[in-house]
>>> print(open('upload-v6.cif').read())   # mmCIF, C-alpha atoms
data_protein
#
loop_
_atom_site.label_atom_id
_atom_site.label_comp_id
_atom_site.auth_asym_id
_atom_site.auth_seq_id
_atom_site.Cartn_x
_atom_site.Cartn_y
_atom_site.Cartn_z
CA MET A 1 0.00 0.00 0.00
CA LYS A 2 1.93 2.98 -1.29
CA LEU A 3 0.43 6.29 -0.23
CA GLN A 4 0.22 9.08 -2.76
CA MET A 5 1.74 12.48 -2.13
CA ASN A 6 -1.63 14.11 -1.34
CA THR A 7 -2.42 11.44 1.23
CA THR A 8 0.91 11.90 2.98
CA LEU A 9 0.37 15.67 3.01
CA ALA A 10 -3.10 15.16 4.46
CA LEU A 11 -1.73 12.98 7.27
CA TYR A 12 1.00 15.52 8.12
CA SER A 13 -1.52 18.35 8.06
CA VAL A 14 -4.16 16.63 10.16
CA ALA A 15 -1.53 15.73 12.77
CA GLU A 16 -0.32 19.34 12.77
CA PHE A 17 -3.85 20.73 13.24
CA ALA A 18 -4.85 18.14 15.84
CA ALA A 19 -1.72 18.93 17.86
CA ASN A 20 -2.88 22.56 17.99
CA PRO A 21 -6.64 22.26 18.59
CA GLY A 22 -8.48 25.55 18.32
CA ARG A 23 -5.54 27.33 16.74
CA HIS A 24 -5.83 28.69 13.21
CA LEU A 25 -3.00 27.62 10.95
CA SER A 26 -2.55 29.03 7.48
CA THR A 27 -1.76 26.95 4.42
CA ALA A 28 1.49 28.89 3.98
CA GLU A 29 2.54 28.16 7.56
CA ILE A 30 2.11 24.40 7.20
CA ALA A 31 3.60 24.35 3.70
CA ALA A 32 6.71 26.16 4.95
CA ARG A 33 7.06 23.85 7.95
CA HIS A 34 7.03 20.72 5.79
CA GLY A 35 8.76 22.18 2.75
CA VAL A 36 5.88 21.58 0.31
CA SER A 37 4.08 23.70 -2.27
CA ALA A 38 1.35 25.89 -0.72
CA HIS A 39 -0.66 25.58 -3.93
CA HIS A 40 -0.60 21.79 -3.71
CA LEU A 41 -1.36 21.80 0.02
CA ALA A 42 -4.34 24.14 -0.44
CA LYS A 43 -6.19 21.45 -2.41
CA VAL A 44 -5.50 18.89 0.32
CA LEU A 45 -6.72 21.20 3.10
CA SER A 46 -9.81 22.06 1.14
CA GLU A 47 -10.65 18.35 0.84
CA LEU A 48 -10.08 17.89 4.60
CA ALA A 49 -12.50 20.79 5.21
CA ARG A 50 -15.08 19.14 2.94
CA ALA A 51 -14.67 15.98 5.03
CA GLY A 52 -15.48 17.94 8.22
CA ILE A 53 -12.03 17.35 9.68
CA LEU A 54 -10.92 20.98 9.33
CA GLU A 55 -12.92 24.19 9.33
CA SER A 56 -12.03 27.15 7.19
CA VAL A 57 -11.44 30.39 9.13
CA ARG A 58 -11.96 33.58 7.15
CA GLY A 59 -10.45 37.02 7.58
CA VAL A 60 -7.03 38.32 8.58
CA GLY A 61 -4.90 35.52 9.96
CA GLY A 62 -7.43 33.02 8.64
CA GLY A 63 -6.67 29.52 7.54
CA TYR A 64 -8.02 26.32 9.01
CA ARG A 65 -8.56 24.79 12.40
CA PHE A 66 -9.13 21.21 13.53
CA VAL A 67 -12.77 20.33 14.22
CA GLY A 68 -12.55 16.53 14.11
CA ASN A 69 -12.61 14.17 17.09
CA ALA A 70 -8.99 13.13 17.64
CA ARG A 71 -10.05 10.14 19.76
CA ARG A 72 -12.29 8.79 17.00
CA LEU A 73 -10.64 9.86 13.76
CA THR A 74 -8.26 7.18 12.48
CA LEU A 75 -5.44 7.50 9.99
CA MET A 76 -7.51 5.32 7.65
CA ASP A 77 -10.40 7.82 7.82
CA VAL A 78 -8.00 10.44 6.43
CA ILE A 79 -6.39 8.09 3.89
CA GLU A 80 -9.77 7.03 2.50
CA ARG A 81 -10.50 10.62 1.49
CA PHE A 82 -7.56 10.51 -0.93
CA GLU A 83 -7.06 6.87 -1.95
CA ALA A 84 -9.23 4.19 -3.50
CA ILE A 85 -8.64 1.57 -0.82
CA ASP A 86 -10.52 -1.39 -2.28
CA GLY A 87 -9.61 -2.97 -5.61
CA GLY A 88 -5.97 -1.98 -5.17
CA PRO A 89 -3.02 -2.86 -7.38
CA ALA A 90 -2.94 -6.54 -6.45
CA LYS A 91 -6.43 -7.02 -7.89
CA THR A 92 -6.14 -4.88 -11.00
CA ARG A 93 -2.57 -4.79 -12.28
CA VAL A 94 -1.09 -8.28 -12.04
CA PRO A 95 -1.30 -10.67 -14.99
CA ALA A 96 -3.83 -13.50 -14.69
CA THR A 97 -1.18 -16.21 -14.52
CA ASP A 98 -0.17 -18.61 -11.72
CA ILE A 99 2.81 -16.41 -10.88
CA GLY A 100 0.71 -13.24 -11.03
CA ARG A 101 -1.91 -14.71 -8.73
CA ALA A 102 0.70 -15.91 -6.20
CA LEU A 103 2.41 -12.51 -6.15
CA ALA A 104 -0.98 -10.80 -5.84
CA ALA A 105 -1.77 -12.97 -2.79
CA ILE A 106 1.46 -11.85 -1.12
CA GLU A 107 0.84 -8.20 -1.99
CA SER A 108 -2.66 -8.52 -0.62
CA GLU A 109 -1.29 -9.89 2.71
CA ILE A 110 0.91 -6.82 3.05
CA ASP A 111 -1.97 -4.50 2.15
CA GLU A 112 -4.27 -6.07 4.71
CA MET A 113 -1.69 -5.56 7.47
CA ALA A 114 -1.18 -1.95 6.41
CA LYS A 115 -4.92 -1.27 6.40
CA ALA A 116 -5.40 -2.84 9.83
CA THR A 117 -2.58 -0.68 11.18
CA PHE A 118 -4.01 2.54 9.74
CA ARG A 119 -7.48 1.63 10.99
CA SER A 120 -6.23 1.05 14.54
CA ILE A 121 -4.37 4.34 15.01
CA THR A 122 -6.41 7.37 15.97
CA LEU A 123 -5.13 10.94 15.80
CA ALA A 124 -4.94 10.96 19.61
CA THR A 125 -2.75 7.83 19.53
CA LEU A 126 -0.54 9.37 16.83
CA LEU A 127 -0.09 12.54 18.90
CA ARG A 128 0.88 10.46 21.95
CA LEU A 129 3.42 8.58 19.82
CA ILE A 130 4.89 11.87 18.55
CA GLU A 131 5.15 13.13 22.13
CA ARG A 132 6.78 9.90 23.33
CA GLN A 133 9.32 9.89 20.51
CA SER A 134 10.11 13.53 21.15
CA ARG A 135 10.67 12.81 24.87
CA HIS A 136 12.99 9.89 24.02
CA ALA A 137 14.88 12.04 21.52
CA SER A 138 15.37 14.80 24.11
CA ALA A 139 16.50 12.30 26.74
CA ALA A 140 19.03 10.67 24.36
CA MET B 1 -17.30 5.32 38.69
CA LYS B 2 -14.48 4.31 41.03
CA VAL B 3 -12.76 1.19 39.73
CA ASP B 4 -10.63 -1.28 41.67
CA VAL B 5 -8.56 -4.03 40.09
CA ARG B 6 -8.07 -7.26 42.02
CA ASP B 7 -7.44 -10.98 41.52
CA VAL B 8 -10.39 -12.91 40.14
CA ARG B 9 -12.60 -15.00 42.46
CA ARG B 10 -14.73 -17.97 41.50
CA ASP B 11 -17.89 -15.85 42.05
CA ASP B 12 -16.70 -13.43 39.33
CA LEU B 13 -16.76 -16.04 36.57
CA HIS B 14 -20.40 -15.50 35.57
CA ALA B 15 -19.70 -11.80 34.98
CA VAL B 16 -16.51 -12.58 33.01
CA ILE B 17 -18.39 -15.11 30.87
CA ALA B 18 -21.14 -12.54 30.21
CA ILE B 19 -18.69 -9.76 29.23
CA ASP B 20 -16.84 -12.13 26.90
CA ALA B 21 -20.08 -13.48 25.40
CA ALA B 22 -21.38 -9.96 24.75
CA ALA B 23 -18.14 -9.10 22.92
CA THR B 24 -17.67 -12.31 20.95
CA GLY B 25 -21.25 -13.49 20.54
CA LEU B 26 -20.39 -16.87 22.08
CA ALA B 27 -20.70 -17.94 25.73
CA LYS B 28 -17.81 -20.25 26.70
CA PRO B 29 -18.41 -21.29 30.33
CA ALA B 30 -16.26 -24.46 30.16
CA TYR B 31 -13.36 -22.48 28.67
CA TRP B 32 -13.54 -19.80 31.37
CA ARG B 33 -13.74 -22.40 34.13
CA SER B 34 -10.54 -23.98 32.78
CA VAL B 35 -8.89 -20.52 32.54
CA PHE B 36 -9.86 -19.93 36.16
CA ARG B 37 -8.34 -23.26 37.24
CA ARG B 38 -5.09 -22.43 35.42
CA TYR B 39 -4.81 -18.67 36.07
CA GLY B 40 -6.97 -18.02 39.11
CA ASP B 41 -4.33 -18.68 41.78
CA PRO B 42 -3.55 -15.24 43.27
CA ASP B 43 -0.21 -16.50 44.59
CA ALA B 44 1.14 -17.54 41.19
CA ARG B 45 3.97 -15.25 40.02
CA ALA B 46 3.71 -16.01 36.32
CA ARG B 47 -0.05 -16.32 35.68
CA HIS B 48 -2.57 -13.58 36.27
CA PHE B 49 -6.32 -13.30 35.99
CA LEU B 50 -7.54 -9.91 37.20
CA VAL B 51 -10.93 -8.24 37.25
CA ALA B 52 -11.97 -4.59 37.41
CA CYS B 53 -14.83 -3.84 39.82
CA GLY B 54 -17.00 -0.72 39.84
CA ASP B 55 -20.17 -0.11 41.86
CA GLY B 56 -19.84 -3.62 43.29
CA GLU B 57 -19.87 -5.33 39.89
CA VAL B 58 -17.22 -6.90 37.68
CA VAL B 59 -16.94 -4.60 34.66
CA GLY B 60 -13.81 -5.95 32.98
CA PHE B 61 -11.08 -8.56 33.06
CA VAL B 62 -7.57 -9.26 31.86
CA VAL B 63 -5.71 -12.58 31.66
CA GLY B 64 -2.06 -13.15 30.93
CA GLU B 65 1.10 -14.96 31.83
CA VAL B 66 4.87 -14.79 31.63
CA ARG B 67 6.11 -16.95 28.76
CA ASP B 68 9.73 -18.02 28.69
CA TRP B 69 11.74 -18.34 25.51
CA GLU B 70 8.74 -18.85 23.28
CA PHE B 71 9.92 -18.61 19.65
CA GLY B 72 13.38 -17.69 20.96
CA SER B 73 12.11 -14.59 22.78
CA PRO B 74 13.40 -13.76 26.26
CA PRO B 75 10.65 -14.04 28.91
CA CYS B 76 7.81 -11.61 28.21
CA GLY B 77 4.38 -10.84 29.62
CA TRP B 78 1.69 -12.15 27.32
CA VAL B 79 -1.87 -10.79 27.51
CA PHE B 80 -4.29 -13.17 25.85
CA GLY B 81 -7.62 -11.84 27.07
CA ILE B 82 -8.91 -8.39 27.96
CA ASP B 83 -12.37 -6.89 27.76
CA VAL B 84 -14.55 -4.26 29.37
CA ARG B 85 -18.34 -4.21 29.62
CA ALA B 86 -19.66 -2.13 26.72
CA ASP B 87 -21.57 0.39 28.87
CA VAL B 88 -18.47 1.41 30.85
CA ARG B 89 -15.96 1.60 27.97
CA GLU B 90 -13.93 4.76 27.39
CA GLY B 91 -13.78 5.40 31.12
CA GLY B 92 -10.23 4.16 31.63
CA VAL B 93 -11.14 0.66 32.87
CA GLY B 94 -9.10 -1.10 30.15
CA SER B 95 -6.11 1.12 30.90
CA ARG B 96 -6.36 0.27 34.62
CA LEU B 97 -6.47 -3.45 33.83
CA LEU B 98 -3.50 -3.27 31.48
CA GLU B 99 -1.52 -1.19 33.98
CA ALA B 100 -2.30 -3.71 36.73
CA ILE B 101 -1.15 -6.74 34.75
CA ALA B 102 1.91 -4.84 33.47
CA LYS B 103 2.83 -4.17 37.12
CA ARG B 104 2.59 -7.90 37.87
CA PHE B 105 4.79 -8.69 34.85
CA ARG B 106 7.38 -6.09 35.91
CA ARG B 107 7.41 -7.62 39.36
CA ALA B 108 8.16 -10.99 37.70
CA GLY B 109 11.18 -9.37 36.03
CA VAL B 110 9.99 -9.15 32.41
CA LYS B 111 10.52 -6.09 30.25
CA LYS B 112 8.05 -6.61 27.39
CA LEU B 113 4.32 -6.99 27.18
CA ARG B 114 2.89 -8.69 24.10
CA THR B 115 -0.44 -9.70 22.71
CA MET B 116 -1.96 -10.96 19.47
CA LEU B 117 -5.38 -10.33 18.01
CA ALA B 118 -7.39 -10.54 14.83
CA ARG B 119 -6.48 -7.69 12.49
CA ASP B 120 -10.17 -6.87 11.98
CA ASN B 121 -10.67 -6.44 15.74
CA THR B 122 -10.30 -2.67 15.39
CA LEU B 123 -11.78 -1.89 18.80
CA ILE B 124 -9.21 -3.82 20.86
CA LEU B 125 -6.40 -3.11 18.37
CA SER B 126 -7.07 0.64 18.78
CA PHE B 127 -7.11 0.21 22.55
CA PHE B 128 -3.69 -1.47 22.61
CA ARG B 129 -2.34 1.15 20.21
CA SER B 130 -3.65 3.92 22.46
CA GLN B 131 -1.67 2.36 25.29
CA GLY B 132 1.54 2.78 23.30
CA MET B 133 1.85 -0.74 21.89
CA MET B 134 3.58 -1.07 18.52
CA ALA B 135 4.01 -3.97 16.06
CA ALA B 136 6.25 -6.68 17.50
CA PRO B 137 9.10 -8.24 15.51
CA PHE B 138 7.06 -11.39 14.88
CA ILE B 139 4.73 -12.47 12.09
CA PRO B 140 1.86 -14.82 12.92
CA LEU B 141 1.40 -17.52 10.28
CA GLU B 142 -1.18 -20.24 9.78
CA MET B 143 -2.23 -22.92 7.30
CA ASP B 144 -5.29 -25.03 6.68
CA LEU B 145 -4.86 -28.63 7.79
CA GLN B 146 -6.41 -30.98 5.29
CA ALA B 147 -8.42 -33.88 6.65
CA ALA B 148 -6.45 -37.18 6.56
CA GLU B 149 -7.23 -39.21 3.42
#
>>> encode(input="upload-v6.cif", output="structure tokens")
Amino acid sequence: MKLQMNTTLALYSVAEFAANPGRHLSTAEIAARHGVSAHHLAKVLSELARAGILESVRGVGGGYRFVGNARRLTLMDVIERFEAIDGGPAKTRVPATDIGRALAAIESEIDEMAKATFRSITLATLLRLIERQSRHASAA
Amino acid sequence: MKVDVRDVRRDDLHAVIAIDAAATGLAKPAYWRSVFRRYGDPDARARHFLVACGDGEVVGFVVGEVRDWEFGSPPCGWVFGIDVRADVREGGVGSRLLEAIAKRFRRAGVKKLRTMLARDNTLILSFFRSQGMMAAPFIPLEMDLQAAE
């Protein structure tokens, strides 16, 4: 399961917003922090707003703020807004031969593990992991 | 609700069976009686069967044991059953149970806590993740056993 660029940007952005609940962050601010194109990121944030995860804030200093439920929203909920999860490459791309089918079965195993992992991690869990890793890094 | 975690007693089994049956859709009284016989000794250092009690009722349970050198792994604490009554979930009962059994495992000298569950069991998988658990360096495998010809 290879995530596309937009999906990765969405995950970074949602984590950034959820870590600062209530705070408005502008597209330019997040784009600069992660070294990505603001134009590209704007489309991603707009989709997250359509999904009810972010809310657009108008006016001076506007941008977006997090309005999702970090304890309920999983990484898969975000990914599904940007990727076609079912009928992935293993089912559509491989040749219909014995070798193709065997390789597709292996690829499908990997995909299923990846999906289960993304489904089991909420934003709140991700934020705790970030905090824990940061603590370990500071202690080291 | 104030919750206390303690060793299981024989009288608790009906509540444990009910919590498990509500979660899995299958009542397994004989299985739980055998788990109680094997894990219900409060003096055992390596096997633990604990229950969470709130308002005088059993509202959750956890079962686990220390396993030595299984698959080449140094001794670790293995949790193979945990559940909380649906109406009291998200109140920290599961965390209290996991903390309590982790304390027992630490006391037994182990440094890792492990578990295994179905990958579509998102509820419990999310719970363990929320407690800081990550993928272990093991891969569970299985195969269908054909009936003897």
>>> atom_distance(input="upload-v6.cif", atom1="atom CA of A:Thr74", atom2="atom CA of A:Leu123")
5.9 Å
>>> closest_residue(input="upload-v6.cif", among="A:Ala139, A:Ala28, A:Ile130, A:Ile121", to="chain B", atoms="all atoms listed in the file")
A:Ile121
>>> axis_aligned_box(input="upload-v6.cif", around="stretch 111-123 of chain B", padding_each_side="4 Å", output="AutoDock Vina command-line options")
--center_x -0.6 --center_y -6.4 --center_z 21.1 --size_x 30.3 --size_y 17.1 --size_z 26.3
>>> residues_around(input="upload-v6.cif", residues="B:Arg10", least_positions_apart="5", cutoff="10 Å", atoms="all atoms listed in the file", output="MDAnalysis selection string")
chainID B and resid 33 36:37 40
>>> interface_residues(input="upload-v6.cif", of="chain A", to="chain B", cutoff="6 Å", atoms="all atoms listed in the file", output="ChimeraX atom specification")
/A:116,120-121,125
>>> atom_distance(input="upload-v6.cif", atom1="atom CA of B:Arg6", atom2="atom CA of B:Gly25")
26.0 Å
>>> atom_distance(input="upload-v6.cif", atom1="atom CA of A:Thr122", atom2="atom CA of A:Asp77")
9.1 Å
>>> resolve_selection(input="upload-v6.cif", expression="the PyMOL selection byres ((chain A and resi 19-25) around 10)", output="PyMOL selection string")
chain A and resi 13-18+26-30+55-58+61-68+70+123-124+126-128+130-131
>>> residues_around(input="upload-v6.cif", residues="B:Lys2", least_positions_apart="2", cutoff="8 Å", atoms="only C-alpha atoms", output="PDB file with C-alpha atoms, in the frame of the given file")
ATOM      1  CA  ASP B   4     -10.630  -1.280  41.670  1.00  0.00           C
ATOM      2  CA  GLY B  54     -17.000  -0.720  39.840  1.00  0.00           C
ATOM      3  CA  ASP B  55     -20.170  -0.110  41.860  1.00  0.00           C
TER       4      ASP B  55
END
>>> closest_residue(input="upload-v6.cif", among="B:Met116, B:Val8, B:Ile17, B:Ala23", to="B:Gly77", atoms="all atoms listed in the file")
B:Met116
